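Take a look at the structure set out below.
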Amino acid sequence: MATSRAHQSVSPTSKVALTNVRVFDGERVGKPQTVVIDGGVIGDDATGAREIDGNGGILLPGFIDSHVHITTEDNLQRLTRYGVTTAFDMATYSLEHLNSVRGKPGLTDILTAGISATSSDGHHVKIPNRPPGIVDNAEAADQFILDRISDGVDYIKILADIPGPDQATLNALVHAAHKHNKLVIAHAVTYAATRMAMEAKVDFLTHAPADKAMTTADIQCMVDEKRMSIPTLTIMEMVAQRRPGAKYDNIRSSVRDMHRAGVPILAGTDANTVKGVPANVSHGDSFHHELELLVDAGLTPVEALRAATILPAKFFGLHDRGVIEPGRRADLVLISGDPTNDITATRSIQRVFCGGFEYKLPAQ
């Protein structure tokens with residue numbers, strides 16, 4: 001299943017050749033070479049290009065944050081500044097407002113679920129000025145999905161909460177979304193809600209249960225059913241500090257065990273500036289903390305980089321980005337350190353290109 005919205009690269013006005021850069025190819029860092037940016041994509045001919053000396057720095061594909069909430073253009077500015085060139089909005093109200101903010105040349109490309117699905121007694125109904133879609137029974141599921149398709153969303157977000165939609169309704173929502181070739185991401189922060197989302201056959205679980213670690217059988221089910229995890233360790237670390245009965249060790253051990261079993265882990269922060277939610281997470285800088293937490297949970301630095309680039313592009317069906325090769329979208333991050341050895345080096349950003357446009361970084 002692939003996302004629906006066609007993403008057209010916006011062409012910058014000049015061809016650029018980044019010389020003396022070492023490219024991360026998804027597995028390792030190569031020898032110094034030249035990478036050409038031509039018309040918003042990566043080219044293969046440096047003729048006539050303006051040269052920029054990369055000084056031996058490491059060139060990464062633009063980072064992909066697999067869980068954010070967008071409210072203002074400032075959110076996009078911060079994401080781009082910190083090298084996040086694509087982000088998956090996991091429900092924003094309203095879609096009209098989001099569309100007025102996103103799509104800015106040279107800023108983070110945003111895909112979206114539009115509004116999420118919950119029941120009239122769900123927790124998210126109480127968030128001020130952020131009403132989700134109400135789906136109180138299985139019979140209403142088809143219409144909710146059709147409405148989101150009419151909105152032009154890229155995927156579907158459902159809220160597996162207790163209280164929240166019952167099992168039959170979750171099942172119906174996922175079935176209807178899959179019938180229309182839409183991926184489904186389920187919010188689930190407790191063990192019981194996680195089990196409900198898994199029974200509904202969602203494609204992605206976002207967050208990880210804080211009240212109980214996932215069992216070996218749960219994780220094997222995720223492997224067998226080819227389900228992905230976006231654990232959002234940054235916000236869950238904060239939630240675990242504030243919510244009675246929540247323990248970060250449960251979250252961390254679930255991620256460690258999922259990773260060991262072969263469940264694809266994607267980097268996502270749940271960055272948001274929304275009032276009335278359990279925790280606010282800053283856009284952009286939090287992504288680097290997320291990578292550090294993934295390494296702390298058992299991923300190698302290279303695996304964390306893959307969780308931030310090639311894997312989200314692959315599993316969300318964005319075949320125009322996530323790797324550095326001719327014809328791909330020119331989303332690039334040049335850094336001075338080596339994050340394949342020390343993941344904190346992702347913070348040493350020297351240049352950011354988004355859709356071929358160089359983002360002007362603040363003076364160091």
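Residue numbering restarts at 1 in every chain; chains get A, B, ... in the order shown in the structure tokens, and ligands count up from 1 in that same order.
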Please identify every residue of segment 186-297 of chain A that has at least one atom no farther than 12 Å from an atom of segment 98-115 of chain A, counting only C-alpha atoms, and for each give the shortest atom pair and the distance in Å to one decimal, arranged by chain then increasing number, as JSON lines.
```
{"residue": "A:Ala186", "atom": "CA", "partner": "A:Ala113", "partner_atom": "CA", "distance": 11.2}
{"residue": "A:His283", "atom": "CA", "partner": "A:Thr108", "partner_atom": "CA", "distance": 11.2}
{"residue": "A:Gly284", "atom": "CA", "partner": "A:Thr108", "partner_atom": "CA", "distance": 10.3}
```
Exercise: segment 136-147 of chain A partners within 10 Å, only C-alpha atoms, chain neighbours under 3 positions left out, as a VMD selection string: chain A and resid 115 to 122 133 150 to 153 155 to 156 164 to 180 182
Would you please give, as a ChimeraX atom specification, all residues of segment 65-239 of chain A that DSSP assigns to strand (DSSP E or B) based on the backbone? /A:65-68,84-89,109-112,117-118,133-134,156-159,184-187,204-206,228-230
Spatial neighbours of Val29 of chain A, 8 Å, only C-alpha atoms, chain gap at least 3 places, as an MDAnalysis selection string: chainID A and resid 22:25 58 340
Write out as a tab-separated table (two decimals) with C-alpha atoms, in the first residue's frame each polymer residue whose atoms come within 9 Å of segment 68-71 of chain A, counting only C-alpha atoms; drop sequence neighbours fewer than 5 positions from it.
```tsv
chain	number	residue	atom	x	y	z
A	76	LEU	CA	8.32	23.46	9.70
A	87	ALA	CA	7.57	14.40	8.39
A	88	PHE	CA	4.41	12.40	8.83
A	89	ASP	CA	1.67	14.42	10.49
A	90	MET	CA	-0.31	12.07	12.71
A	91	ALA	CA	-3.55	14.04	12.83
A	92	THR	CA	-4.09	17.73	12.70
A	93	TYR	CA	-7.20	19.84	12.96
A	97	HIS	CA	-5.27	24.93	8.33
A	98	LEU	CA	-2.56	22.34	7.74
A	101	VAL	CA	1.00	25.86	6.40
A	102	ARG	CA	2.60	23.02	4.47
A	110	ILE	CA	4.48	17.06	5.27
A	268	GLY	CA	9.30	9.45	15.32
A	269	THR	CA	9.08	12.03	18.08
A	270	ASP	CA	5.40	13.04	18.44
A	271	ALA	CA	6.64	16.64	18.26
A	272	ASN	CA	3.76	18.98	19.04
A	273	THR	CA	2.80	22.34	20.51
A	274	VAL	CA	-0.77	21.30	21.33
A	283	HIS	CA	10.10	20.09	16.63
```
Could you pull out the helix (DSSP H, G or I) residues of segment 60-189 of chain A from DSSP and send them as a PyMOL selection string? chain A and resi 73-81+95-101+123-126+138-151+167-179
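Between atom CA of Ala304 of chain A and atom CA of Asn55 of chain A lies a distance of 24.5 Å.
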